[in-house]
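The next block is run.txt, given as compact mmCIF, C-alpha atoms.
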# COMPACT_ATOMS: atom_id res chain seq x y z
CA MET A 169 86.10 125.54 132.53
CA HIS A 170 84.01 123.02 134.46
CA PRO A 171 84.37 123.67 138.21
CA ILE A 172 85.14 120.09 139.25
CA HIS A 173 85.86 117.50 136.56
CA TYR A 174 85.09 116.11 133.15
CA GLU A 175 86.51 113.94 130.43
CA ILE A 176 88.54 115.90 127.90
CA PRO A 177 87.31 115.59 124.28
CA ILE A 178 90.38 113.76 123.00
CA ASP A 179 90.06 110.36 121.34
CA PRO A 180 90.92 107.75 123.99
CA TYR A 181 93.93 105.53 123.59
CA HIS A 182 92.45 102.10 122.81
CA LYS A 183 95.59 100.02 122.28
CA ASP A 184 96.70 97.49 124.87
CA LEU A 185 98.63 99.03 127.79
CA SER A 186 99.24 95.81 129.72
CA ASN A 187 102.92 95.67 128.68
CA VAL A 188 103.45 99.17 130.05
CA SER A 189 101.78 98.23 133.33
CA ALA A 190 103.77 95.00 133.62
CA TYR A 191 106.96 96.98 133.03
CA LEU A 192 106.02 99.46 135.74
CA ASP A 193 105.42 96.56 138.13
CA GLY A 194 109.17 95.97 138.10
CA PHE A 195 110.09 99.46 139.29
CA LYS A 196 110.58 100.77 142.80
CA PHE A 197 108.28 103.78 142.95
CA GLN A 198 109.15 106.81 145.06
CA THR A 199 107.06 107.72 148.09
CA LEU A 200 104.98 110.88 147.79
CA THR A 201 105.61 112.62 151.10
CA GLN A 202 103.59 115.82 150.98
CA ILE A 203 100.25 114.68 152.34
CA ALA A 204 99.80 113.13 155.80
CA PRO A 205 99.25 110.32 156.65
CA TYR A 206 100.94 108.98 153.51
CA LYS A 207 104.45 110.00 154.46
CA ASN A 208 106.97 107.18 154.54
CA ASN A 209 104.71 104.40 153.32
CA ASN A 210 104.03 102.66 150.02
CA ILE A 211 100.33 103.44 149.58
CA TRP A 212 100.78 106.32 147.13
CA THR A 213 103.97 106.46 145.07
CA ALA A 214 105.28 107.90 141.80
CA LEU A 215 107.80 107.66 138.97
CA SER A 216 108.87 110.50 136.69
CA PHE A 217 108.55 110.39 132.90
CA TYR A 218 109.31 114.10 132.44
CA GLY A 219 110.38 116.37 135.23
CA TYR A 220 113.15 118.07 137.15
CA GLY A 221 115.88 115.47 136.71
CA LYS A 222 116.92 112.64 134.40
CA GLU A 223 116.07 109.73 136.69
CA PRO A 224 112.61 108.16 137.14
CA SER A 225 113.09 108.76 140.87
CA ASP A 226 113.21 112.55 140.32
CA ILE A 227 109.52 113.08 141.09
CA TYR A 228 109.70 116.46 142.87
CA LYS A 229 110.00 120.05 141.71
CA PRO A 230 112.31 122.69 143.20
CA GLY A 231 111.02 124.16 146.46
CA PHE A 232 108.56 121.38 147.24
CA ILE A 233 110.46 118.98 149.46
CA ASN A 234 111.58 119.65 153.00
CA ASP A 235 115.01 118.07 153.05
CA ASP A 236 118.46 118.71 151.64
CA ALA A 237 117.88 116.84 148.38
CA GLU A 238 119.32 118.52 145.29
CA ILE A 239 116.67 118.99 142.61
CA ASP A 240 117.53 119.95 139.05
CA LYS A 241 115.90 123.21 137.96
CA LYS A 242 115.64 122.14 134.32
CA LEU A 243 112.67 120.23 132.97
CA GLN A 244 113.78 117.17 130.99
CA TRP A 245 112.79 113.70 129.84
CA THR A 246 113.85 110.97 132.22
CA SER A 247 115.57 107.73 131.22
CA LEU A 248 112.19 106.02 131.48
CA SER A 249 111.02 107.88 128.38
CA ASN A 250 113.80 106.22 126.32
CA ASP A 251 112.55 102.68 126.95
CA ALA A 252 110.93 101.29 123.79
CA ILE A 253 108.16 99.67 125.82
CA MET A 254 107.08 103.18 126.85
CA SER A 255 106.24 104.22 123.26
CA PRO A 256 102.47 104.06 124.01
CA ILE A 257 102.99 106.74 126.66
CA SER A 258 104.63 108.99 124.07
CA GLU A 259 101.62 108.42 121.82
CA ILE A 260 99.23 109.28 124.64
CA ILE A 261 100.87 112.55 125.58
CA SER A 262 101.37 113.58 121.93
CA LYS A 263 97.60 114.12 121.74
CA LEU A 264 97.69 116.83 124.40
CA PRO A 265 97.77 120.43 123.11
CA CYS A 266 99.93 121.84 125.88
CA GLN A 267 103.41 122.54 127.14
CA PHE A 268 104.33 120.05 129.85
CA GLU A 269 105.57 120.64 133.34
CA ARG A 270 105.92 117.29 135.14
CA ILE A 271 104.62 113.97 133.79
CA ARG A 272 104.52 111.19 136.35
CA PHE A 273 103.10 107.72 136.88
CA MET A 274 101.11 107.62 140.12
CA LYS A 275 100.58 104.25 141.76
CA LEU A 276 97.86 103.54 144.30
CA ALA A 277 98.62 100.21 145.93
CA ALA A 278 96.16 97.32 145.74
CA GLY A 279 93.56 97.38 148.49
CA LYS A 280 94.54 100.86 149.67
CA SER A 281 92.84 104.26 149.81
CA LEU A 282 93.72 107.93 149.84
CA ARG A 283 91.49 109.85 152.21
CA LYS A 284 89.88 113.17 151.27
CA HIS A 285 92.53 115.79 150.42
CA ASN A 286 93.37 118.46 147.86
CA ASP A 287 96.56 119.30 145.97
CA ASN A 288 96.94 122.93 147.04
CA ILE A 289 100.55 122.42 148.10
CA ASP A 290 101.59 123.75 144.67
CA PRO A 291 100.54 127.40 144.14
CA ASP A 292 100.82 126.91 140.36
CA ILE A 293 98.04 124.29 140.65
CA GLU A 294 96.00 126.43 143.02
CA ASN A 295 96.07 129.50 140.77
CA LYS A 296 95.42 127.40 137.64
CA LYS A 297 98.74 128.29 136.03
CA ILE A 298 99.21 124.52 135.81
CA ILE A 299 96.36 122.13 135.05
CA ARG A 300 96.62 118.50 136.19
CA LEU A 301 95.34 115.84 133.79
CA HIS A 302 94.81 112.13 134.49
CA ILE A 303 95.03 109.26 132.00
CA PRO A 304 94.46 105.83 133.63
CA ILE A 305 97.02 103.26 132.46
CA ARG A 306 95.81 100.35 134.59
CA THR A 307 92.57 100.50 136.49
CA ASN A 308 89.31 98.57 136.90
CA ASP A 309 85.73 98.90 138.10
CA SER A 310 86.83 98.54 141.72
CA VAL A 311 88.88 101.75 141.66
CA VAL A 312 86.72 104.71 142.70
CA PHE A 313 87.71 108.37 142.44
CA THR A 314 85.41 110.57 144.54
CA ILE A 315 85.07 114.33 144.03
CA TYR A 316 83.65 116.53 146.80
CA GLU A 317 82.13 120.00 146.45
CA ASN A 318 83.86 121.20 149.62
CA ASP A 319 85.38 119.97 152.88
CA GLU A 320 81.94 119.59 154.47
CA ASP A 321 80.61 117.33 151.68
CA GLU A 322 80.62 113.79 153.08
CA ILE A 323 79.10 111.98 150.08
CA GLY A 324 80.75 113.39 146.96
CA GLN A 325 80.43 112.17 143.39
CA GLU A 326 81.95 108.77 142.60
CA LEU A 327 83.76 108.32 139.30
CA ASN A 328 85.16 105.25 137.61
CA LEU A 329 87.82 106.55 135.26
CA LYS A 330 88.48 104.43 132.18
CA THR A 331 91.82 103.20 130.86
CA GLY A 332 93.24 105.38 128.08
CA HIS A 333 90.72 108.20 128.54
CA TYR A 334 91.77 111.77 129.27
CA TYR A 335 90.40 113.57 132.32
CA TYR A 336 90.69 116.98 133.88
CA ILE A 337 90.00 116.88 137.61
CA ASP A 338 90.22 120.07 139.60
CA VAL A 339 92.54 118.73 142.29
CA THR A 340 92.26 121.95 144.30
CA LYS A 341 88.85 120.55 145.26
CA PRO A 342 88.68 117.79 147.90
CA HIS A 343 88.93 114.30 146.42
CA SER A 344 89.67 110.76 147.54
CA VAL A 345 90.58 107.51 145.82
CA THR A 346 89.91 103.91 146.81
CA ASN A 347 91.49 100.90 145.16
CA ASN A 348 89.28 97.98 146.18
CA SER A 349 91.02 95.62 143.76
CA ASP A 350 93.95 93.25 144.18
CA ILE A 351 96.17 95.02 141.62
CA ASP A 352 98.06 98.30 141.81
CA ARG A 353 96.40 101.18 139.99
CA TYR A 354 98.50 103.34 137.63
CA HIS A 355 97.56 106.79 136.40
CA LEU A 356 99.63 108.92 134.06
CA VAL A 357 99.39 112.37 135.64
CA VAL A 358 100.31 115.18 133.27
CA ASP A 359 100.84 118.71 134.56
CA CYS A 360 100.28 121.19 131.72
CA PHE A 361 100.96 124.92 131.63
CA MET A 362 97.64 126.64 131.00
CA ASP A 363 97.30 128.41 127.65
CA SER A 364 94.57 129.19 125.10
CA GLN A 365 94.88 125.83 123.32
CA LEU A 366 94.44 123.85 126.51
CA SER A 367 91.68 126.12 127.77
CA ALA A 368 89.72 125.49 124.57
CA ILE A 369 89.27 121.78 125.36
CA LEU A 370 88.59 122.06 129.11
Would it be possible to restate this file's structure as structure tokens?
Amino acid sequence: MHPIHYEIPIDPYHKDLSNVSAYLDGFKFQTLTQIAPYKNNNIWTALSFYGYGKEPSDIYKPGFINDDAEIDKKLQWTSLSNDAIMSPISEIISKLPCQFERIRFMKLAAGKSLRKHNDNIDPDIENKKIIRLHIPIRTNDSVVFTIYENDEDEIGQELNLKTGHYYYIDVTKPHSVTNNSDIDRYHLVVDCFMDSQLSAIL
């Protein structure tokens, strides 16, 4: 497995995804609260396509939110997956040779940035039991994903991820994202349980 990132050798999804993006524009995304200083703001938000609960707002997994919210312990498709306009998303994920944990849409607001961080809050990600994959749904040349070798690396490697392409990014490594455009960026973020089939393409 590559130590930081690479594009997965799966044929990209080349059909138009603008209807999906326009549909997502009409939703109230849920705030991702784990990483300071993004608590309680609308810079970085998410919706659930498959996860622990039937509602698109059910973005968390059991044991990973510090409040009294009830979280279903059963993985399931949310109501968002039943919308006909979301059929391209079903096509996209059908190409992945893995068993899914959560599948979420992650929105980075127009003109906003996520500073350098890693995703080690989830031990299943840290120990590689779960692998996090990214498929851009709406992006552009002004959205830059930067991967760093370590916390001391100040320069990093800048990536411009392409719509409909499949990427593995080792999110236990420091990374940052900047959306220098005037439109919200959407990624489909698929958490897959690691197995021999998935390992073979990473």
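CA of Leu370 in chain A sits 10.8 Å away from CA of Asp338 in chain A.
In this model, the gap between CA of Leu248 in chain A and CA of Val312 in chain A comes to 27.9 Å.
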**Item:** Surrounding residues of Ile239 in chain A excluding itself and chain neighbours under 4 positions, 7 Å, only C-alpha atoms, as a list in words
**Value:**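 The neighbour list is Tyr220, Gly221, Lys229 and Pro230 of chain A.
Going from CA of Met254 in chain A over to CA of Ile305 in chain A, you cover 11.5 Å.
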Counting only C-alpha atoms, the residue among A:Phe197, A:Tyr316, A:Tyr335, A:Tyr181 that lies closest to Ser258 in chain A is A:Tyr181
